[in-house]
Each structure stands twice: as C-alpha cells, then as structure tokens.
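Asks: So that you have it, the file is model.pdb, and it contains PDB, C-alpha atoms:
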ATOM      1  CA  MET A   1       9.320   2.519 -45.212  1.00  0.00           C
ATOM      2  CA  ASN A   2      12.866   1.618 -44.208  1.00  0.00           C
ATOM      3  CA  HIS A   3      13.315  -0.734 -41.243  1.00  0.00           C
ATOM      4  CA  CYS A   4      16.198  -0.764 -38.738  1.00  0.00           C
ATOM      5  CA  ASN A   5      16.901  -1.728 -35.119  1.00  0.00           C
ATOM      6  CA  TRP A   6      17.277   1.158 -32.630  1.00  0.00           C
ATOM      7  CA  ILE A   7      18.015   1.426 -28.927  1.00  0.00           C
ATOM      8  CA  THR A   8      16.518   4.228 -26.819  1.00  0.00           C
ATOM      9  CA  LEU A   9      17.983   3.529 -23.363  1.00  0.00           C
ATOM     10  CA  PRO A  10      18.219   7.200 -22.215  1.00  0.00           C
ATOM     11  CA  ILE A  11      14.508   7.812 -22.851  1.00  0.00           C
ATOM     12  CA  ALA A  12      13.567   4.480 -21.255  1.00  0.00           C
ATOM     13  CA  LEU A  13      15.535   5.463 -18.137  1.00  0.00           C
ATOM     14  CA  LEU A  14      13.742   8.831 -17.964  1.00  0.00           C
ATOM     15  CA  MET A  15      10.398   7.044 -18.219  1.00  0.00           C
ATOM     16  CA  ALA A  16      11.379   4.620 -15.443  1.00  0.00           C
ATOM     17  CA  VAL A  17      12.394   7.495 -13.157  1.00  0.00           C
ATOM     18  CA  SER A  18       9.144   9.293 -13.828  1.00  0.00           C
ATOM     19  CA  SER A  19       7.036   6.187 -13.156  1.00  0.00           C
ATOM     20  CA  ALA A  20       7.661   6.572  -9.412  1.00  0.00           C
ATOM     21  CA  SER A  21       6.106  10.009  -9.585  1.00  0.00           C
ATOM     22  CA  ALA A  22       3.253   8.616 -11.691  1.00  0.00           C
ATOM     23  CA  VAL A  23       2.321   6.308  -8.823  1.00  0.00           C
ATOM     24  CA  ALA A  24       2.393   9.201  -6.363  1.00  0.00           C
ATOM     25  CA  GLN A  25       0.238  11.343  -8.651  1.00  0.00           C
ATOM     26  CA  SER A  26      -2.202   8.605  -9.725  1.00  0.00           C
ATOM     27  CA  SER A  27      -4.992   9.696  -7.403  1.00  0.00           C
ATOM     28  CA  ILE A  28      -4.686  13.300  -8.586  1.00  0.00           C
ATOM     29  CA  SER A  29      -4.693  12.354 -12.245  1.00  0.00           C
ATOM     30  CA  GLN A  30      -7.610   9.967 -11.752  1.00  0.00           C
ATOM     31  CA  ASN A  31      -9.701  12.819 -10.314  1.00  0.00           C
ATOM     32  CA  VAL A  32      -8.878  15.017 -13.301  1.00  0.00           C
ATOM     33  CA  ALA A  33      -9.579  12.186 -15.738  1.00  0.00           C
ATOM     34  CA  ASP A  34     -12.935  11.470 -14.103  1.00  0.00           C
ATOM     35  CA  LYS A  35     -14.025  15.097 -14.555  1.00  0.00           C
ATOM     36  CA  THR A  36     -12.707  15.843 -18.030  1.00  0.00           C
ATOM     37  CA  SER A  37     -11.143  12.767 -19.666  1.00  0.00           C
ATOM     38  CA  ALA A  38      -8.033  14.897 -20.164  1.00  0.00           C
ATOM     39  CA  GLY A  39      -4.315  14.333 -19.804  1.00  0.00           C
ATOM     40  CA  MET A  40      -2.211  15.258 -16.801  1.00  0.00           C
ATOM     41  CA  VAL A  41       1.302  16.683 -16.868  1.00  0.00           C
ATOM     42  CA  LEU A  42       3.014  14.509 -14.240  1.00  0.00           C
ATOM     43  CA  ASN A  43       6.670  15.502 -14.317  1.00  0.00           C
ATOM     44  CA  VAL A  44       8.553  18.439 -15.728  1.00  0.00           C
ATOM     45  CA  VAL A  45      12.274  19.086 -15.982  1.00  0.00           C
ATOM     46  CA  GLY A  46      13.441  22.415 -17.405  1.00  0.00           C
ATOM     47  CA  SER A  47      11.370  24.951 -19.304  1.00  0.00           C
ATOM     48  CA  VAL A  48       7.970  23.610 -20.381  1.00  0.00           C
ATOM     49  CA  GLU A  49       5.027  25.695 -21.596  1.00  0.00           C
ATOM     50  CA  LEU A  50       1.354  24.943 -22.200  1.00  0.00           C
ATOM     51  CA  LEU A  51      -0.705  26.908 -24.725  1.00  0.00           C
ATOM     52  CA  HIS A  52      -4.353  26.834 -23.614  1.00  0.00           C
ATOM     53  CA  GLU A  53      -7.080  28.994 -25.198  1.00  0.00           C
ATOM     54  CA  GLY A  54      -4.525  31.498 -26.520  1.00  0.00           C
ATOM     55  CA  ARG A  55      -2.681  31.825 -23.203  1.00  0.00           C
ATOM     56  CA  ILE A  56       0.835  30.463 -22.605  1.00  0.00           C
ATOM     57  CA  ASP A  57       1.566  29.212 -19.083  1.00  0.00           C
ATOM     58  CA  HIS A  58       4.791  27.865 -17.569  1.00  0.00           C
ATOM     59  CA  VAL A  59       4.271  24.224 -16.496  1.00  0.00           C
ATOM     60  CA  ASN A  60       5.524  22.854 -13.152  1.00  0.00           C
ATOM     61  CA  GLY A  61       3.745  19.461 -13.111  1.00  0.00           C
ATOM     62  CA  GLY A  62       0.250  18.564 -11.969  1.00  0.00           C
ATOM     63  CA  GLU A  63      -1.411  20.634 -14.699  1.00  0.00           C
ATOM     64  CA  GLN A  64      -4.343  19.350 -16.707  1.00  0.00           C
ATOM     65  CA  MET A  65      -4.016  19.129 -20.500  1.00  0.00           C
ATOM     66  CA  LEU A  66      -7.258  19.460 -22.442  1.00  0.00           C
ATOM     67  CA  PRO A  67      -8.024  18.772 -26.120  1.00  0.00           C
ATOM     68  CA  GLY A  68      -6.632  21.629 -28.207  1.00  0.00           C
ATOM     69  CA  ASP A  69      -3.805  22.393 -25.753  1.00  0.00           C
ATOM     70  CA  VAL A  70      -0.217  22.497 -27.067  1.00  0.00           C
ATOM     71  CA  LEU A  71       2.700  21.486 -24.821  1.00  0.00           C
ATOM     72  CA  SER A  72       6.219  22.718 -25.713  1.00  0.00           C
ATOM     73  CA  THR A  73       9.531  21.705 -24.139  1.00  0.00           C
ATOM     74  CA  GLY A  74      12.650  23.887 -24.253  1.00  0.00           C
ATOM     75  CA  ALA A  75      16.291  22.870 -24.545  1.00  0.00           C
ATOM     76  CA  ASN A  76      17.344  20.292 -21.912  1.00  0.00           C
ATOM     77  CA  ALA A  77      13.718  19.856 -20.792  1.00  0.00           C
ATOM     78  CA  PHE A  78      11.100  17.125 -20.802  1.00  0.00           C
ATOM     79  CA  ALA A  79       7.527  16.541 -19.673  1.00  0.00           C
ATOM     80  CA  MET A  80       5.741  13.300 -18.813  1.00  0.00           C
ATOM     81  CA  LEU A  81       2.024  13.127 -19.659  1.00  0.00           C
ATOM     82  CA  ARG A  82      -0.423  10.579 -18.231  1.00  0.00           C
ATOM     83  CA  PHE A  83      -3.819   9.747 -19.681  1.00  0.00           C
ATOM     84  CA  GLU A  84      -7.008   8.277 -18.236  1.00  0.00           C
ATOM     85  CA  ASP A  85      -6.115   4.639 -18.957  1.00  0.00           C
ATOM     86  CA  GLY A  86      -2.582   4.923 -17.527  1.00  0.00           C
ATOM     87  CA  SER A  87      -0.861   5.375 -20.889  1.00  0.00           C
ATOM     88  CA  ARG A  88       2.053   7.795 -20.780  1.00  0.00           C
ATOM     89  CA  ALA A  89       3.812  10.039 -23.267  1.00  0.00           C
ATOM     90  CA  LEU A  90       7.277  11.520 -22.750  1.00  0.00           C
ATOM     91  CA  VAL A  91       7.868  14.802 -24.584  1.00  0.00           C
ATOM     92  CA  PRO A  92      11.660  15.410 -24.611  1.00  0.00           C
ATOM     93  CA  SER A  93      13.694  18.571 -25.332  1.00  0.00           C
ATOM     94  CA  ASP A  94      12.743  20.921 -28.139  1.00  0.00           C
ATOM     95  CA  SER A  95       9.473  19.135 -28.892  1.00  0.00           C
ATOM     96  CA  ARG A  96       5.865  20.225 -29.288  1.00  0.00           C
ATOM     97  CA  VAL A  97       2.666  18.128 -29.129  1.00  0.00           C
ATOM     98  CA  GLN A  98      -1.022  18.981 -29.287  1.00  0.00           C
ATOM     99  CA  LEU A  99      -3.705  16.944 -27.545  1.00  0.00           C
ATOM    100  CA  LEU A 100      -6.390  16.470 -30.209  1.00  0.00           C
ATOM    101  CA  VAL A 101      -8.721  13.906 -28.598  1.00  0.00           C
ATOM    102  CA  SER A 102      -8.804  12.425 -25.122  1.00  0.00           C
ATOM    103  CA  GLN A 103     -11.880  10.285 -24.629  1.00  0.00           C
ATOM    104  CA  ARG A 104     -12.610   6.952 -23.043  1.00  0.00           C
ATOM    105  CA  ARG A 105     -12.233   5.052 -26.333  1.00  0.00           C
ATOM    106  CA  HIS A 106      -9.925   7.336 -28.345  1.00  0.00           C
ATOM    107  CA  MET A 107      -6.719   9.265 -27.585  1.00  0.00           C
ATOM    108  CA  ARG A 108      -4.858  11.237 -30.249  1.00  0.00           C
ATOM    109  CA  LEU A 109      -1.761  13.419 -29.957  1.00  0.00           C
ATOM    110  CA  LYS A 110      -0.378  15.466 -32.830  1.00  0.00           C
ATOM    111  CA  LEU A 111       3.411  15.714 -33.063  1.00  0.00           C
ATOM    112  CA  LEU A 112       4.104  19.284 -34.200  1.00  0.00           C
ATOM    113  CA  ALA A 113       7.907  19.214 -33.767  1.00  0.00           C
ATOM    114  CA  GLY A 114      10.607  17.091 -32.150  1.00  0.00           C
ATOM    115  CA  ARG A 115       9.562  13.721 -30.804  1.00  0.00           C
ATOM    116  CA  VAL A 116       7.252  11.902 -28.422  1.00  0.00           C
ATOM    117  CA  GLU A 117       7.740   8.521 -26.757  1.00  0.00           C
ATOM    118  CA  SER A 118       4.620   6.593 -25.749  1.00  0.00           C
ATOM    119  CA  ARG A 119       3.950   3.677 -23.432  1.00  0.00           C
ATOM    120  CA  VAL A 120       0.423   2.598 -24.211  1.00  0.00           C
ATOM    121  CA  THR A 121      -1.651   0.607 -21.737  1.00  0.00           C
ATOM    122  CA  PRO A 122      -3.394  -2.271 -23.533  1.00  0.00           C
ATOM    123  CA  VAL A 123      -7.125  -1.574 -23.394  1.00  0.00           C
ATOM    124  CA  ALA A 124      -9.616  -3.411 -25.576  1.00  0.00           C
ATOM    125  CA  GLN A 125     -11.641  -1.190 -27.883  1.00  0.00           C
ATOM    126  CA  ARG A 126      -9.472   1.923 -27.309  1.00  0.00           C
ATOM    127  CA  ALA A 127      -7.454   3.668 -30.007  1.00  0.00           C
ATOM    128  CA  TYR A 128      -4.203   5.484 -29.199  1.00  0.00           C
ATOM    129  CA  GLU A 129      -2.828   7.482 -32.121  1.00  0.00           C
ATOM    130  CA  ILE A 130       0.002   9.861 -32.913  1.00  0.00           C
ATOM    131  CA  GLU A 131      -0.753  12.136 -35.852  1.00  0.00           C
ATOM    132  CA  THR A 132       2.170  13.536 -37.851  1.00  0.00           C
ATOM    133  CA  ARG A 133       2.361  15.788 -40.894  1.00  0.00           C
ATOM    134  CA  ARG A 134       2.805  12.643 -43.048  1.00  0.00           C
ATOM    135  CA  GLY A 135       0.389  10.166 -41.497  1.00  0.00           C
ATOM    136  CA  VAL A 136      -1.177   8.571 -38.439  1.00  0.00           C
ATOM    137  CA  LEU A 137       0.408   5.927 -36.208  1.00  0.00           C
ATOM    138  CA  GLY A 138      -2.091   3.785 -34.305  1.00  0.00           C
ATOM    139  CA  VAL A 139      -1.421   1.279 -31.531  1.00  0.00           C
ATOM    140  CA  ARG A 140      -2.815  -0.702 -28.637  1.00  0.00           C
ATOM    141  CA  GLY A 141      -0.468  -1.716 -25.833  1.00  0.00           C
ATOM    142  CA  THR A 142       3.038  -0.898 -27.005  1.00  0.00           C
ATOM    143  CA  HIS A 143       6.133   1.250 -26.467  1.00  0.00           C
ATOM    144  CA  PHE A 144       7.288   3.438 -29.358  1.00  0.00           C
ATOM    145  CA  VAL A 145       8.928   6.759 -30.330  1.00  0.00           C
ATOM    146  CA  VAL A 146       7.955   9.123 -33.150  1.00  0.00           C
ATOM    147  CA  ARG A 147      10.451  11.770 -34.285  1.00  0.00           C
ATOM    148  CA  ASP A 148      10.000  14.683 -36.706  1.00  0.00           C
ATOM    149  CA  ASP A 149      13.354  16.312 -37.472  1.00  0.00           C
ATOM    150  CA  GLY A 150      11.957  18.587 -40.171  1.00  0.00           C
ATOM    151  CA  ASP A 151      13.306  16.561 -43.115  1.00  0.00           C
ATOM    152  CA  ARG A 152      11.699  13.242 -42.248  1.00  0.00           C
ATOM    153  CA  ILE A 153       9.486  11.469 -39.757  1.00  0.00           C
ATOM    154  CA  SER A 154      10.806   8.299 -38.155  1.00  0.00           C
ATOM    155  CA  LEU A 155       9.244   5.628 -35.970  1.00  0.00           C
ATOM    156  CA  GLU A 156      10.997   3.337 -33.469  1.00  0.00           C
ATOM    157  CA  VAL A 157       9.025   0.444 -31.958  1.00  0.00           C
ATOM    158  CA  MET A 158      10.580  -1.019 -28.805  1.00  0.00           C
ATOM    159  CA  GLN A 159       7.717  -3.372 -27.889  1.00  0.00           C
ATOM    160  CA  GLY A 160       4.443  -4.417 -29.533  1.00  0.00           C
ATOM    161  CA  ALA A 161       3.492  -3.193 -32.998  1.00  0.00           C
ATOM    162  CA  VAL A 162       2.418   0.058 -34.667  1.00  0.00           C
ATOM    163  CA  SER A 163       0.219   0.445 -37.716  1.00  0.00           C
ATOM    164  CA  ALA A 164       1.652   3.269 -39.846  1.00  0.00           C
ATOM    165  CA  LEU A 165      -0.717   4.847 -42.377  1.00  0.00           C
ATOM    166  CA  THR A 166       0.834   7.585 -44.498  1.00  0.00           C
ATOM    167  CA  THR A 167      -1.183  10.243 -46.255  1.00  0.00           C
ATOM    168  CA  GLY A 168      -1.892   9.935 -49.959  1.00  0.00           C
ATOM    169  CA  PRO A 169      -4.458   8.440 -52.313  1.00  0.00           C
ATOM    170  CA  ALA A 170      -2.879   4.948 -52.506  1.00  0.00           C
ATOM    171  CA  ALA A 171      -1.738   4.768 -48.865  1.00  0.00           C
ATOM    172  CA  GLN A 172      -1.812   1.327 -47.259  1.00  0.00           C
ATOM    173  CA  PRO A 173      -1.155   0.704 -43.558  1.00  0.00           C
ATOM    174  CA  GLU A 174       2.125  -1.030 -42.737  1.00  0.00           C
ATOM    175  CA  LEU A 175       2.698  -2.940 -39.505  1.00  0.00           C
ATOM    176  CA  VAL A 176       6.012  -2.126 -37.779  1.00  0.00           C
ATOM    177  CA  ARG A 177       6.891  -4.653 -35.062  1.00  0.00           C
ATOM    178  CA  GLY A 178       8.957  -4.284 -31.889  1.00  0.00           C
ATOM    179  CA  GLY A 179      12.704  -3.988 -32.467  1.00  0.00           C
ATOM    180  CA  PHE A 180      12.227  -2.267 -35.801  1.00  0.00           C
ATOM    181  CA  GLY A 181      11.725   1.229 -37.096  1.00  0.00           C
ATOM    182  CA  ALA A 182      10.462   2.992 -40.176  1.00  0.00           C
ATOM    183  CA  THR A 183      10.936   6.249 -42.005  1.00  0.00           C
ATOM    184  CA  LEU A 184       7.855   7.871 -43.445  1.00  0.00           C
ATOM    185  CA  PRO A 185       8.359   9.164 -46.985  1.00  0.00           C
ATOM    186  CA  ALA A 186       9.294  12.823 -47.498  1.00  0.00           C
ATOM    187  CA  GLU A 187       6.596  15.236 -48.621  1.00  0.00           C
TER     188      GLU A 187
END
Now that the file is in, can you turn its structure into structure tokens?

Replies:
Amino acid sequence: MNHCNWITLPIALLMAVSSASAVAQSSISQNVADKTSAGMVLNVVGSVELLHEGRIDHVNGGEQMLPGDVLSTGANAFAMLRFEDGSRALVPSDSRVQLLVSQRRHMRLKLLAGRVESRVTPVAQRAYEIETRRGVLGVRGTHFVVRDDGDRISLEVMQGAVSALTTGPAAQPELVRGGFGATLPAE
C-alpha cells in the first residue's frame, strides 16, 4: 500500500452542514433503529435513488435503509446516512453503496462505485466495516474516505486508524493511521 497525506475539506464541510439536520432527525432515526437496526437517510441533495427488494425509489430524506438496499447518488448529488450508534456515512456524487449488515454489534457497507466518507462513533465491541472489491476496511471511532475509481481503490484516513485487509491467500492486515492514505493493489 502506498501512503500519502490528503485533505478532504469540501467533504468535511458537507458533513458539518448535515450534522445540524442529524440533530433534528435524531429522534426519528432512533425510532427506526429501535425497530429494525437499520440505517436512516438523513439528508439528500440532488438525485438519489434507493433500490429495495427490486424496486427503485427516489429518495428525499427520512427514508429507512435496510440490509440489502442499494443507495445511488447522481451527478452533483449526495446523501448522508445515519446508523443506530450515531455513526454517519456521506455518499457523494456518482457513488453507490449497499448496506450489507446493520446490527447492534456489526455494521458493514459495500462500496459498489464512487466513494463513501465515514465518521464512526467509538463503541466498544462494535465493528464498522467498508467492503470493497479488493478487501475490507475495519474501524472503531474514526473518520475516513474510501474511493473506487474503477482502476484502483484508495483510502484516506483523517482521524483515528483503519485496518485494511486485502483479498488474497497471503493477505495481512495493514494499519493506516490518521493523516495518511493507502492504495489497495490492482486486481
């Protein structure tokens, strides 16, 4: 993996703006989380769609996201997701993520295209993971971005640390600390 320093101020600003709405929606999302341990789409800007049980719906914000659902953002669009423990994921323009697992002790998103930025609430004994086509990135209490541009998958860690485990028979996890990034090897 190659390490480098990156700055993601525009995404951080979008997350700060959306945090005000997260506070306003916290009681709504808590009710959904209590019933289903799912995610909640808090904010939406632009064209965002949710694929649920074979049906595609336009997303306006306030929608529930269940395991198996796929969220897609169009050009000049983004969606902010909130999970049961308060962790958030920003899905910017031209990106697609699938919620694989959302349980009390385990949350896993799969990055299908584009990128996802996560702010993970530190919770003991809870795994938060981003699955990519080349490996799994696992964290507890950090802020990081994963990007899949088709040719490579890159990781930027703003705060905390991420354990990156690539696929393959001799794969060993590598710890990427805040202020650094990594590129996962090509297929």

Asks: Here is a test: counting only C-alpha atoms, which residue of A:Val44, A:Leu137, A:Leu109, A:Val70 is nearest to A:Ser93?

Replies: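 Smallest separation from A:Ser93 among the options: A:Val44.
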
Asks: Could you pull the residues within 9 Å of A:Ala75, counting only C-alpha atoms, minus those fewer than 4 positions along the same chain, as a ChimeraX atom specification?

Replies: /A:46-47,92-95

Asks: For A:Met158, which residue among A:Gly61, A:Gly74, A:Gly179, A:Gly39 is the nearest when counting all atoms listed in the file?

Replies: A:Gly179

Asks: Suppose you want the space between atom CA of A:Gly178 and atom CA of A:Met65; what is it in Å?

Replies: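 Straight-line distance from atom CA of A:Gly178 to atom CA of A:Met65 works out to 29.1 Å.
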
Asks: Determine the residue membership of the PyMOL selection byres ((chain A and resi 87-91) around 10) for the file above and supply it as a ChimeraX atom specification.

Replies: /A:11-12,14-15,18-19,22,39-44,48,71-73,77-86,92-97,107,109,111,114-123,128,141-145

Asks: Restricting the calculation to only C-alpha atoms, which member of A:Arg105, A:Arg152, A:Arg133, A:His52 is positioned closest to A:Thr166?

Replies: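 Looking only at the distances to A:Thr166, the closest residue turns out to be A:Arg133.
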
Asks: Hey, which of A:Arg177, A:Leu100, A:Ser163, A:Leu184 ends up closest to A:Arg134? Count only C-alpha atoms.

Replies: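 Among the listed residues, the smallest separation from A:Arg134 belongs to A:Leu184.
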
Asks: Given all atoms listed in the file as the basis, pick out the residue of A:Ala161, A:Leu112, A:Ala182, A:Val101 nearest to A:Glu129.

Replies: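 Nearest to A:Glu129: A:Val101.
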
Asks: When you look at A:Pro173 with a cut-off of 10 Å (counting only C-alpha atoms), what residues show up, excluding the ones that are within fewer than 3 positions of it in the same chain? I need them as a PyMOL selection string.

Replies: chain A and resi 135-138+162-167+176

Asks: Using only C-alpha atoms, which of A:Asp69, A:Glu174, A:Glu63, A:Glu49 sits nearest A:Gln98?

Replies: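 With only C-alpha atoms as the atom set, the closest residue is A:Asp69.
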
Asks: Give, as lines of an AutoDock Vina configuration file, the centre coordinates and the x, y and z edge lengths in Å to one decimal for an axis-aligned box around all listed atoms of stretch 53-63 of chain A, padded by 6 Å on each side.

Replies:
center_x = -0.8
center_y = 25.2
center_z = -19.2
size_x = 24.6
size_y = 25.3
size_z = 26.6

Asks: Please compute the atom CA of A:Thr132-atom CA of A:Gly168 distance, one decimal, in Å.

Replies: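 Answer for the atom CA of A:Thr132 to atom CA of A:Gly168 separation: 13.3 Å.
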
Asks: In Å to one decimal, how far is atom CA of A:Ile56 from atom CA of A:Arg108?

Replies: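 Going from atom CA of A:Arg108 over to atom CA of A:Ile56 covers 21.5 Å.
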